[in-house]
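With compact mmCIF, C-alpha atoms inside, this is data.txt:
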# COMPACT_ATOMS: atom_id res chain seq x y z
CA MET A 1 79.72 118.75 80.04
CA ARG A 2 82.51 116.14 79.82
CA GLN A 3 82.88 114.67 76.35
CA GLN A 4 82.49 110.90 76.22
CA ARG A 5 84.56 109.05 73.65
CA GLN A 6 84.53 105.45 72.55
CA ARG A 7 87.07 103.41 74.47
CA GLN A 8 89.78 101.88 72.29
CA ASP A 9 91.91 98.75 72.57
CA GLY A 10 94.80 100.89 73.80
CA ASP A 11 92.83 102.45 76.68
CA ILE A 12 93.75 101.24 80.17
CA ALA A 13 91.62 101.13 83.30
CA ILE A 14 91.98 100.31 86.97
CA VAL A 15 89.45 97.56 87.67
CA ALA A 16 90.28 96.64 91.28
CA THR A 17 92.21 97.95 94.27
CA ALA A 18 93.21 96.62 97.67
CA GLN A 19 94.90 98.18 100.68
CA LEU A 20 96.06 96.98 104.06
CA PRO A 21 95.02 99.29 106.90
CA ALA A 22 97.85 101.65 107.83
CA VAL A 23 99.19 100.79 111.29
CA ARG A 24 102.09 101.93 113.45
CA ARG A 25 103.66 98.48 113.41
CA GLN A 26 102.70 95.64 111.08
CA GLU A 27 103.82 92.16 112.14
CA LEU A 28 103.56 90.80 108.58
CA THR A 29 106.64 90.93 106.38
CA GLU A 30 106.48 93.07 103.24
CA THR A 31 106.08 89.89 101.17
CA GLU A 32 103.15 88.79 103.32
CA MET A 33 101.57 92.24 103.11
CA LEU A 34 101.81 92.17 99.33
CA LEU A 35 100.43 88.63 99.15
CA THR A 36 97.40 89.84 101.09
CA VAL A 37 96.59 92.85 98.91
CA VAL A 38 97.31 91.06 95.62
CA ASP A 39 95.00 88.18 96.61
CA GLU A 40 92.26 90.65 97.56
CA ALA A 41 92.56 92.78 94.42
CA LEU A 42 92.58 89.79 92.06
CA GLY A 43 89.71 88.18 93.94
CA LYS A 44 87.51 91.23 93.43
CA VAL A 45 87.49 90.69 89.66
CA GLY A 46 87.83 86.91 89.54
CA LEU A 47 91.39 86.83 88.20
CA LYS A 48 94.18 84.35 88.91
CA ARG A 49 97.90 84.98 88.94
CA SER A 50 98.15 83.04 85.67
CA ASP A 51 96.04 85.81 84.08
CA ILE A 52 98.62 88.49 84.85
CA GLY A 53 101.06 89.46 82.13
CA PHE A 54 103.18 92.00 84.02
CA SER A 55 103.76 93.11 87.59
CA CYS A 56 105.71 95.99 89.06
CA GLN A 57 106.35 96.83 92.69
CA GLY A 58 107.55 99.93 94.46
CA SER A 59 109.58 99.84 97.68
CA CYS A 60 112.67 101.35 99.27
CA ASP A 61 115.90 99.65 100.32
CA TYR A 62 116.62 102.52 102.72
CA ILE A 63 113.46 101.73 104.67
CA SER A 64 113.91 97.97 104.52
CA GLY A 65 117.55 98.25 105.55
CA GLY A 66 119.12 95.99 102.94
CA THR A 67 120.37 96.00 99.37
CA PHE A 68 117.95 94.41 96.89
CA SER A 69 115.48 93.93 99.71
CA PHE A 70 112.64 93.89 97.17
CA VAL A 71 113.67 90.48 95.78
CA PRO A 72 111.68 88.40 98.33
CA ASN A 73 108.63 90.53 97.49
CA LEU A 74 108.56 88.91 94.06
CA ASP A 75 106.99 85.93 95.81
CA ALA A 76 103.80 87.97 96.13
CA MET A 77 103.13 87.16 92.47
CA GLY A 78 104.74 83.72 92.48
CA ALA A 79 107.39 82.16 90.26
CA TRP A 80 105.02 80.13 88.10
CA PRO A 81 103.76 80.66 85.50
CA PRO A 82 106.58 83.05 84.51
CA ILE A 83 105.54 86.66 83.84
CA HIS A 84 107.26 89.93 83.05
CA GLU A 85 108.10 91.71 86.29
CA SER A 86 109.86 94.87 87.40
CA HIS A 87 110.64 97.04 90.42
CA VAL A 88 111.04 100.75 91.07
CA GLU A 89 112.85 102.29 94.02
CA MET A 90 109.89 104.63 94.39
CA ASP A 91 106.36 104.83 95.67
CA GLY A 92 103.97 102.27 94.18
CA ALA A 93 102.40 105.07 92.13
CA TRP A 94 105.51 104.99 89.94
CA ALA A 95 105.21 101.19 89.73
CA MET A 96 101.71 101.81 88.39
CA TYR A 97 103.12 104.27 85.87
CA GLU A 98 105.54 101.62 84.61
CA ALA A 99 102.74 99.03 84.44
CA TRP A 100 100.63 101.52 82.45
CA VAL A 101 103.50 102.10 80.01
CA ARG A 102 104.07 98.34 79.68
CA LEU A 103 100.42 97.71 78.83
CA ARG A 104 100.56 100.40 76.16
CA HIS A 105 103.00 98.20 74.22
CA GLY A 106 99.92 96.20 73.23
CA ASP A 107 101.11 92.62 73.73
CA LEU A 108 99.71 92.22 77.27
CA ASP A 109 96.25 92.92 78.67
CA ILE A 110 96.51 92.71 82.47
CA ALA A 111 99.06 94.05 84.97
CA VAL A 112 99.36 94.43 88.74
CA ALA A 113 101.11 97.35 90.44
CA MET A 114 102.08 97.24 94.10
CA GLY A 115 103.63 99.42 96.79
CA SER A 116 104.78 98.47 100.28
CA GLY A 117 106.77 99.86 103.18
CA LYS A 118 107.49 99.27 106.86
CA SER A 119 108.65 102.53 108.42
CA SER A 120 108.39 100.94 111.87
CA THR A 121 111.64 99.04 111.36
CA GLY A 122 113.70 102.24 111.53
CA ASP A 123 113.67 105.95 112.28
CA PRO A 124 112.56 108.00 109.25
CA ALA A 125 114.18 111.10 110.73
CA ALA A 126 117.54 109.32 110.61
CA ILE A 127 117.05 107.36 107.38
CA TYR A 128 115.72 109.95 104.96
CA PRO A 129 118.55 112.50 105.29
CA LEU A 130 120.82 109.77 103.88
CA GLU A 131 118.95 109.95 100.56
CA LEU A 132 119.64 113.65 100.09
CA ASP A 133 122.50 115.21 98.14
CA PRO A 134 125.63 113.76 99.82
CA TYR A 135 127.63 116.99 99.58
CA TYR A 136 125.24 119.83 100.36
CA LEU A 137 122.18 118.40 102.13
CA ALA A 138 122.91 115.07 103.83
CA PRO A 139 125.58 116.57 106.16
CA LEU A 140 122.93 118.97 107.49
CA GLY A 141 120.77 116.08 108.68
CA LEU A 142 117.65 117.60 107.13
CA ASP A 143 114.80 115.23 108.00
CA PRO A 144 111.41 115.41 106.23
CA VAL A 145 109.76 117.28 109.11
CA SER A 146 112.42 120.00 109.13
CA LEU A 147 112.09 120.46 105.38
CA ALA A 148 108.29 120.59 105.69
CA ALA A 149 108.59 123.21 108.44
CA LEU A 150 110.80 125.38 106.23
CA GLN A 151 108.28 125.01 103.42
CA ALA A 152 105.33 125.84 105.71
CA ARG A 153 107.13 128.92 107.06
CA GLN A 154 107.71 130.24 103.55
CA LEU A 155 104.09 129.60 102.64
CA LEU A 156 102.81 131.41 105.73
CA GLU A 157 105.07 134.40 105.18
CA SER A 158 103.98 134.61 101.54
CA GLY A 159 100.41 135.18 102.73
CA ARG A 160 99.06 132.20 100.79
CA THR A 161 97.82 130.39 103.90
CA THR A 162 97.34 130.81 107.64
CA GLU A 163 97.91 128.60 110.63
CA ARG A 164 94.13 128.39 111.04
CA GLU A 165 93.75 127.06 107.51
CA LEU A 166 96.38 124.42 108.26
CA ALA A 167 94.52 123.42 111.41
CA GLU A 168 91.27 123.24 109.44
CA ILE A 169 92.93 120.86 106.96
CA ALA A 170 94.10 118.66 109.83
CA ALA A 171 90.65 118.66 111.43
CA ARG A 172 88.89 117.84 108.16
CA SER A 173 91.32 115.01 107.42
CA ARG A 174 90.72 113.49 110.84
CA ARG A 175 86.93 113.75 110.46
CA ASP A 176 87.08 111.98 107.11
CA ALA A 177 89.46 109.32 108.44
CA ALA A 178 87.01 108.43 111.20
CA ALA A 179 84.84 106.71 108.57
CA ASN A 180 87.73 104.94 106.83
CA PRO A 181 88.94 101.74 108.54
CA ASN A 182 92.15 101.80 106.48
CA GLN A 183 93.39 104.98 108.16
CA GLN A 184 95.65 104.98 111.21
CA VAL A 185 94.62 108.26 112.87
CA ARG A 186 90.87 107.91 113.39
CA ASN A 187 90.07 109.11 116.91
CA ALA A 188 92.26 112.20 117.32
CA GLU A 189 91.28 115.76 118.22
CA GLN A 190 89.17 117.49 115.53
CA ASP A 191 88.45 120.87 117.12
CA VAL A 192 90.33 123.58 115.20
CA ASP A 193 90.80 125.90 118.20
CA LYS A 194 92.16 123.07 120.32
CA LEU A 195 94.58 122.12 117.55
CA LEU A 196 95.80 125.71 117.35
CA ALA A 197 96.33 125.73 121.12
CA GLU A 198 98.84 122.88 120.85
CA GLY A 199 102.51 123.72 121.02
CA TYR A 200 104.77 123.58 117.99
CA LEU A 201 106.58 120.35 117.28
CA ARG A 202 108.77 122.01 114.62
CA ASN A 203 107.79 125.66 114.25
CA PRO A 204 105.40 126.45 112.57
CA LEU A 205 104.18 122.84 112.49
CA ARG A 206 102.19 121.19 115.25
CA ARG A 207 101.79 117.45 115.57
CA SER A 208 98.45 117.68 113.79
CA ASP A 209 100.27 119.09 110.73
CA LEU A 210 102.36 115.91 110.46
CA PRO A 211 101.57 112.38 109.25
CA PRO A 212 101.85 109.28 111.43
CA ILE A 213 104.61 106.72 110.96
CA SER A 214 102.85 103.86 109.19
CA ASP A 215 103.33 100.38 107.76
CA GLY A 216 101.17 99.22 104.88
CA ALA A 217 100.74 98.02 101.32
CA CYS A 218 98.49 98.60 98.32
CA ALA A 219 97.82 96.91 94.97
CA VAL A 220 95.86 97.86 91.86
CA VAL A 221 94.88 95.79 88.83
CA LEU A 222 95.17 97.48 85.43
CA VAL A 223 93.45 96.10 82.34
CA ARG A 224 93.80 97.10 78.71
CA GLY A 225 90.95 97.59 76.26
CA PRO A 226 87.53 95.89 76.21
CA ARG A 227 88.63 93.30 78.78
CA ALA A 228 88.26 95.96 81.49
CA ALA A 229 84.50 96.25 80.91
CA GLU A 230 84.20 92.46 81.13
CA LEU A 231 85.66 92.50 84.65
CA THR A 232 83.80 95.37 86.29
CA ALA A 233 80.70 97.43 85.62
CA ARG A 234 82.49 100.79 86.06
CA PRO A 235 86.15 100.69 85.03
CA ALA A 236 88.19 103.67 86.21
CA TRP A 237 89.77 104.64 82.89
CA ILE A 238 93.17 106.32 83.06
CA THR A 239 92.64 109.22 80.68
CA GLY A 240 95.78 111.10 81.68
CA LEU A 241 98.97 110.19 83.52
CA ASP A 242 102.09 112.30 83.81
CA HIS A 243 104.97 112.88 86.20
CA ARG A 244 107.52 115.67 86.40
CA SER A 245 110.61 116.37 88.48
CA GLU A 246 112.31 119.54 89.71
CA VAL A 247 115.83 120.21 90.96
CA HIS A 248 116.67 118.11 94.02
CA ASN A 249 118.04 120.94 96.19
CA PRO A 250 115.06 122.71 97.81
CA ALA A 251 117.12 125.90 98.17
CA LEU A 252 116.98 126.28 94.39
CA ARG A 253 113.16 126.11 94.20
CA ASP A 254 110.24 128.28 95.21
CA LEU A 255 108.86 126.08 97.98
CA THR A 256 105.53 127.93 98.03
CA ASP A 257 104.71 126.61 94.55
CA SER A 258 104.99 123.26 92.74
CA ARG A 259 105.77 123.78 89.08
CA SER A 260 106.18 120.05 88.48
CA THR A 261 102.70 119.37 89.87
CA ARG A 262 101.22 122.11 87.69
CA LEU A 263 102.87 120.76 84.55
CA ALA A 264 101.92 117.16 85.33
CA GLY A 265 98.33 118.27 85.96
CA GLU A 266 98.21 120.15 82.66
CA ARG A 267 99.55 117.17 80.73
CA ALA A 268 97.34 114.62 82.51
CA GLY A 269 94.22 116.76 82.20
CA GLY A 270 94.48 117.02 78.42
CA ALA A 271 92.39 119.46 76.42
CA ALA A 272 89.74 119.64 79.14
CA GLY A 273 92.30 120.43 81.83
CA LEU A 274 91.10 119.47 85.30
CA ALA A 275 87.58 120.82 84.80
CA GLY A 276 84.97 118.41 86.02
CA VAL A 277 87.21 116.72 88.59
CA GLU A 278 84.93 115.87 91.51
CA VAL A 279 87.41 114.30 93.94
CA ALA A 280 91.17 114.82 94.26
CA GLU A 281 93.28 112.49 96.39
CA LEU A 282 96.48 114.46 96.98
CA MET A 283 99.55 112.96 98.60
CA ALA A 284 100.13 115.74 101.10
CA PRO A 285 101.81 114.29 104.22
CA PHE A 286 101.94 117.82 105.70
CA THR A 287 99.06 120.29 105.87
CA ALA A 288 100.95 123.09 104.10
CA GLN A 289 101.65 120.77 101.17
CA GLU A 290 97.92 120.29 100.57
CA VAL A 291 97.59 124.06 100.15
CA ILE A 292 100.48 124.13 97.66
CA LEU A 293 99.17 121.19 95.65
CA ARG A 294 95.61 122.48 95.52
CA GLN A 295 96.77 125.91 94.34
CA SER A 296 99.31 124.49 91.85
CA LEU A 297 96.67 122.29 90.24
CA GLY A 298 94.12 125.11 90.20
CA LEU A 299 91.40 122.87 91.62
CA ALA A 300 87.93 124.35 91.86
CA GLU A 301 86.49 125.16 95.29
CA ASP A 302 83.87 122.41 95.02
CA VAL A 303 86.43 119.61 94.50
CA LEU A 304 86.47 117.21 97.44
CA ILE A 305 90.04 116.93 98.74
CA ASN A 306 91.17 113.65 100.34
CA PRO A 307 87.80 112.29 101.50
CA SER A 308 89.72 109.13 102.44
CA GLY A 309 91.53 111.07 105.18
CA GLY A 310 94.70 111.39 103.10
CA ALA A 311 98.34 110.95 104.02
CA LEU A 312 97.86 113.04 107.17
CA THR A 313 96.02 110.13 108.78
CA GLY A 314 97.82 107.19 107.18
CA ASN A 315 101.27 107.32 105.57
CA PRO A 316 102.69 103.90 104.61
CA LEU A 317 105.78 105.13 102.77
CA MET A 318 106.25 103.62 99.30
CA ALA A 319 102.51 102.86 99.21
CA THR A 320 100.99 106.24 100.14
CA GLY A 321 100.92 107.59 96.57
CA LEU A 322 99.43 104.40 95.17
CA VAL A 323 96.83 104.50 97.94
CA ARG A 324 95.84 107.98 96.74
CA ILE A 325 95.35 106.73 93.19
CA ALA A 326 93.50 103.66 94.44
CA ALA A 327 91.22 105.89 96.52
CA ALA A 328 90.55 108.07 93.47
CA ALA A 329 89.78 104.96 91.41
CA ASP A 330 87.43 103.64 94.10
CA GLN A 331 85.45 106.85 93.86
CA ILE A 332 84.56 105.69 90.32
CA LEU A 333 84.48 101.94 90.92
CA LEU A 334 82.33 102.13 94.05
CA ASN A 335 80.94 105.62 94.62
CA GLY A 336 79.55 106.60 91.23
CA ARG A 337 81.93 109.51 90.53
CA SER A 338 82.65 110.45 86.92
CA ARG A 339 86.07 112.18 87.01
CA THR A 340 88.67 111.99 89.76
CA LEU A 341 92.35 112.74 90.30
CA GLY A 342 95.08 110.87 92.14
CA HIS A 343 98.43 112.43 93.01
CA ALA A 344 101.73 111.12 94.35
CA THR A 345 104.94 112.87 95.36
CA SER A 346 108.51 111.85 96.06
CA GLY A 347 111.72 113.59 97.04
CA PRO A 348 112.31 116.54 99.39
CA ALA A 349 109.57 119.17 99.66
CA LEU A 350 107.43 118.05 96.70
CA GLN A 351 110.36 117.59 94.32
CA GLN A 352 108.75 114.95 92.06
CA ASN A 353 105.03 114.77 91.33
CA LEU A 354 102.75 112.39 89.47
CA VAL A 355 99.14 113.16 88.47
CA CYS A 356 96.64 110.54 87.32
CA VAL A 357 93.24 111.53 85.92
CA LEU A 358 90.54 108.85 85.98
CA GLU A 359 87.14 108.79 84.30
CA ALA A 360 84.07 106.58 84.18
CA ASP A 361 82.14 105.73 81.05
CA ALA A 362 79.09 107.88 80.50
CA PRO A 363 75.76 106.08 81.19
CA GLY A 364 74.50 104.38 78.09
CA SER A 365 77.87 104.23 76.32
CA ASP A 366 78.85 100.99 74.59
CA THR A 367 81.58 100.25 77.12
CA ALA A 368 79.40 101.05 80.10
CA SER A 369 76.67 98.72 78.93
CA LYS A 370 79.05 95.76 78.62
CA GLY A 371 80.27 95.65 82.21
CA GLU A 372 79.27 92.88 84.58
CA THR A 373 80.52 92.89 88.16
CA ARG A 374 81.84 89.55 89.33
What do you get writing this file as structure tokens?
Amino acid sequence: MRQQRQRQDGDIAIVATAQLPAVRRQELTETEMLLTVVDEALGKVGLKRSDIGFSCQGSCDYISGGTFSFVPNLDAMGAWPPIHESHVEMDGAWAMYEAWVRLRHGDLDIAVAMGSGKSSTGDPAAIYPLELDPYYLAPLGLDPVSLAALQARQLLESGRTTERELAEIAARSRRDAAANPNQQVRNAEQDVDKLLAEGYLRNPLRRSDLPPISDGACAVVLVRGPRAAELTARPAWITGLDHRSEVHNPALRDLTDSRSTRLAGERAGGAAGLAGVEVAELMAPFTAQEVILRQSLGLAEDVLINPSGGALTGNPLMATGLVRIAAAADQILLNGRSRTLGHATSGPALQQNLVCVLEADAPGSDTASKGETR
């Protein structure tokens, strides 16, 4: 049984989340997208922008097509009253990590983390090779799908998965997405045999093994200490958060394993490890990557994987990882779960990985009895 401990002033919880539905082309600007999700997230817990002590956003100049393109996005929080603010050239999950670290300083109580991206403005297959090592990888033009195909081929030949298992992951993700209005791929083929009958897009990957090109944004509200229980009846307490990175060049790694994910999971899980995790939202844009992540984390067979539909059915780059953490938090905030896991990845072929473990207060605990939903 999971041990319940008294929440302390230094504990931090997610109290609200908001996400724009992932779509192929979003007419709103990134600033407008962020305004929408920040307004929604703050509204859920009755907060105003003047209540926020720190904000951090994640985005990518390569996707936006301009240097310092994140600067207009600062308007999502407003210029007055002045607050501490920051930006990471990463997925919004890493913006949340920075917000979590900032709150741990102890002088602020409330922070907002955001992630946004519009992949529709360019061609990811042409843009992302530019971010690779300029001497050894970028000249090869290795796009994310080609790298994922190389990774999937190694995994298949290692005997750790089969093409049928990959098709089953795609089918399950599509079934789950059908009930989630935030997902982009909601009415696609779900029959495993029919998926296997499709031709390869990039051998051994079929189109069903790949994510869609998506625009979108996400925001989460983090609160420190007892204030969290004043804002929501079931805070999603961050009991473990860790991220690790491996060598950039995928030729120098075993692509059938993710050591950085394993280490991050061990550190985030603490003494209890990942025992008791009921739901895991894994940022696996390709079916083979879900297999690698699940095995690297050592998740039990009864753990629900990506009940939201996952990145396979909605992939707003620079927000996808934060969406996974938000979905894991919502399992506690809204669905009565006790322990969940959110995961985000960045870099070629699962190079960098972040794991966030979330827990609810046990029924009858002092913190649980204080909450009042607004």
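Across the model, the gap from CA of Thr256 (chain A) to CA of Gln295 (chain A) is 9.7 Å.
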Report task. Starting from the point (94.9, 125.5, 110.2), work out which residues of protein, DNA or RNA have an atom no more than 10 Å away when counting all atoms listed in the file; state them as a PyMOL selection string. Result -> chain A and resi 161-172+192-193+195-196+205-206+208-209+287-288
List every residue of region 188-290 of chain A that has an atom at most 12 Å from any atom of region 102-109 of chain A, giving for each one its closest atom pair and the distance in Å to one decimal, counting only C-alpha atoms, sorted by chain and then by ascending residue number, as a Markdown table.
| residue | atom | partner | partner_atom | distance |
| --- | --- | --- | --- | --- |
| A:Val221 | CA | A:Asp109 | CA | 10.6 |
| A:Leu222 | CA | A:Asp109 | CA | 8.2 |
| A:Val223 | CA | A:Asp109 | CA | 5.6 |
| A:Arg224 | CA | A:Asp109 | CA | 4.8 |
| A:Gly225 | CA | A:Asp109 | CA | 7.5 |
| A:Pro226 | CA | A:Asp109 | CA | 9.5 |
| A:Arg227 | CA | A:Asp109 | CA | 7.6 |
| A:Ala228 | CA | A:Asp109 | CA | 9.0 |
| A:Ile238 | CA | A:Arg104 | CA | 11.7 |
Residue subset to file, keeping C-alpha atoms, as a PDB file, keeping the file's coordinate frame:
ATOM      1  CA  VAL A 221      94.880  95.790  88.830  1.00  0.00           C
ATOM      2  CA  LEU A 222      95.170  97.480  85.430  1.00  0.00           C
ATOM      3  CA  VAL A 223      93.450  96.100  82.340  1.00  0.00           C
ATOM      4  CA  ARG A 224      93.800  97.100  78.710  1.00  0.00           C
ATOM      5  CA  GLY A 225      90.950  97.590  76.260  1.00  0.00           C
ATOM      6  CA  PRO A 226      87.530  95.890  76.210  1.00  0.00           C
ATOM      7  CA  ARG A 227      88.630  93.300  78.780  1.00  0.00           C
ATOM      8  CA  ALA A 228      88.260  95.960  81.490  1.00  0.00           C
ATOM      9  CA  ILE A 238      93.170 106.320  83.060  1.00  0.00           C
TER      10      ILE A 238
END
Report task. Using only C-alpha atoms, find the one residue out of A:Ala188, A:Leu241, A:Ala197, A:Ala148 that sits nearest to Ala284 (chain A). Result ->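 Closest residue, counting only C-alpha atoms: A:Ala148.
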Requested in this report: Please tell me which residues are no farther than 7 Å from (89.9, 101.5, 88.0) in the file, counting all atoms listed in the file, and write them as a PyMOL selection string.
Outcome: chain A and resi 13-16+235-237+329-330+333
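With CA of Ile332 (chain A) on one side and CA of Glu281 (chain A) on the other, the separation reads 12.6 Å.
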Query raised in the report: In terms of the shortest atom-to-atom distance over all atoms listed in the file, which of A:Ala233, A:Leu132, A:Val279, A:Cys218 is closest to Asp361 (chain A)?
Result: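 Closest to Asp361 (chain A) of all the choices is A:Ala233.
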Query raised in the report: Looking at only C-alpha atoms, which of A:Leu312, A:Glu359, A:Ile325, A:Arg234 is the one that sits closest to Gly276 (chain A)?
Result: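 The answer is A:Glu359, which sits nearest to Gly276 (chain A).
Between CA of Pro204 (chain A) and CA of Gln154 (chain A) there is a distance of 10.1 Å.
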Query raised in the report: Near Pro348 (chain A), counting all atoms listed in the file, which residues have an atom at most 12 Å away, once you skip same-chain residues fewer than 2 positions from it, shown as an MDAnalysis selection string?
Result: chainID A and resid 128:133 137:138 142:151 245:253 255 258 285 289 345:346 350:353
For the residues in that selection, give me C-alpha atoms as an mmCIF file, in the coordinates of the input.
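What ended up in selection38.cif:
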data_model
loop_
_atom_site.group_PDB
_atom_site.id
_atom_site.type_symbol
_atom_site.label_atom_id
_atom_site.label_comp_id
_atom_site.auth_asym_id
_atom_site.auth_seq_id
_atom_site.Cartn_x
_atom_site.Cartn_y
_atom_site.Cartn_z
ATOM 1 C CA TYR A 128 115.720 109.950 104.960
ATOM 2 C CA PRO A 129 118.550 112.500 105.290
ATOM 3 C CA LEU A 130 120.820 109.770 103.880
ATOM 4 C CA GLU A 131 118.950 109.950 100.560
ATOM 5 C CA LEU A 132 119.640 113.650 100.090
ATOM 6 C CA ASP A 133 122.500 115.210 98.140
ATOM 7 C CA LEU A 137 122.180 118.400 102.130
ATOM 8 C CA ALA A 138 122.910 115.070 103.830
ATOM 9 C CA LEU A 142 117.650 117.600 107.130
ATOM 10 C CA ASP A 143 114.800 115.230 108.000
ATOM 11 C CA PRO A 144 111.410 115.410 106.230
ATOM 12 C CA VAL A 145 109.760 117.280 109.110
ATOM 13 C CA SER A 146 112.420 120.000 109.130
ATOM 14 C CA LEU A 147 112.090 120.460 105.380
ATOM 15 C CA ALA A 148 108.290 120.590 105.690
ATOM 16 C CA ALA A 149 108.590 123.210 108.440
ATOM 17 C CA LEU A 150 110.800 125.380 106.230
ATOM 18 C CA GLN A 151 108.280 125.010 103.420
ATOM 19 C CA SER A 245 110.610 116.370 88.480
ATOM 20 C CA GLU A 246 112.310 119.540 89.710
ATOM 21 C CA VAL A 247 115.830 120.210 90.960
ATOM 22 C CA HIS A 248 116.670 118.110 94.020
ATOM 23 C CA ASN A 249 118.040 120.940 96.190
ATOM 24 C CA PRO A 250 115.060 122.710 97.810
ATOM 25 C CA ALA A 251 117.120 125.900 98.170
ATOM 26 C CA LEU A 252 116.980 126.280 94.390
ATOM 27 C CA ARG A 253 113.160 126.110 94.200
ATOM 28 C CA LEU A 255 108.860 126.080 97.980
ATOM 29 C CA SER A 258 104.990 123.260 92.740
ATOM 30 C CA PRO A 285 101.810 114.290 104.220
ATOM 31 C CA GLN A 289 101.650 120.770 101.170
ATOM 32 C CA THR A 345 104.940 112.870 95.360
ATOM 33 C CA SER A 346 108.510 111.850 96.060
ATOM 34 C CA LEU A 350 107.430 118.050 96.700
ATOM 35 C CA GLN A 351 110.360 117.590 94.320
ATOM 36 C CA GLN A 352 108.750 114.950 92.060
ATOM 37 C CA ASN A 353 105.030 114.770 91.330
#
Report task. Quick one: everything within 10 Å of Asp39 (chain A), counting only C-alpha atoms, minus sequence neighbours fewer than 6 positions away in the same chain. Send it as a list of chain:residue names. Result -> A:Ala18, A:Leu47, A:Lys48, A:Arg49, A:Ala76, A:Met77, A:Ala219
Query - Polymer residues at most 9 Å from region 67-70 of chain A, all atoms listed in the file, same-chain spacing of 3 or more positions, as a list of chain:residue names - result: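 Those residues are A:Glu30, A:Thr31, A:Gln57, A:Gly58, A:Ser59, A:Cys60, A:Asp61, A:Tyr62, A:Ser64, A:Asn73, A:Leu74, A:His87, A:Glu89.
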Report task. Go through A:Ala99, A:Ile127, A:Met114, A:Ala271 and flag the residue nearest Gly65 (chain A), using only C-alpha atoms for the distances. Result ->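 Checking each candidate against Gly65 (chain A), we get A:Ile127 as the closest.
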Query raised in the report: Any idea what's packed within 8 Å of His343 (chain A), counting all atoms listed in the file, ignoring anything in its chain fewer than 5 positions away? Could you give it as a list of chain:residue names?
Result: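 Using all atoms listed in the file, the neighbours found are A:Ala280, A:Glu281, A:Leu282, A:Met283, A:Gly321, A:Arg324, A:Ile325, A:Asn353, A:Leu354, A:Val355, A:Cys356.
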Store the residues picked out above in a file with C-alpha atoms, as an mmCIF file, in the coordinates of the input.
data_model
loop_
_atom_site.group_PDB
_atom_site.id
_atom_site.type_symbol
_atom_site.label_atom_id
_atom_site.label_comp_id
_atom_site.auth_asym_id
_atom_site.auth_seq_id
_atom_site.Cartn_x
_atom_site.Cartn_y
_atom_site.Cartn_z
ATOM 1 C CA ALA A 280 91.170 114.820 94.260
ATOM 2 C CA GLU A 281 93.280 112.490 96.390
ATOM 3 C CA LEU A 282 96.480 114.460 96.980
ATOM 4 C CA MET A 283 99.550 112.960 98.600
ATOM 5 C CA GLY A 321 100.920 107.590 96.570
ATOM 6 C CA ARG A 324 95.840 107.980 96.740
ATOM 7 C CA ILE A 325 95.350 106.730 93.190
ATOM 8 C CA ASN A 353 105.030 114.770 91.330
ATOM 9 C CA LEU A 354 102.750 112.390 89.470
ATOM 10 C CA VAL A 355 99.140 113.160 88.470
ATOM 11 C CA CYS A 356 96.640 110.540 87.320
#
Query raised in the report: Between A:Met90, A:Glu40, A:Thr313, A:Ala126, which is the closest to Glu189 (chain A) once you count only C-alpha atoms?
Result: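 Of A:Met90, A:Glu40, A:Thr313, A:Ala126, the one nearest Glu189 (chain A) is A:Thr313, counting only C-alpha atoms.
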Query raised in the report: From the list A:Ala362, A:Ala217, A:Ile292, A:Ala79, which residue is nearest Gln19 (chain A) when using all atoms listed in the file?
Result: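 Distance minimum relative to Gln19 (chain A) lands on A:Ala217.
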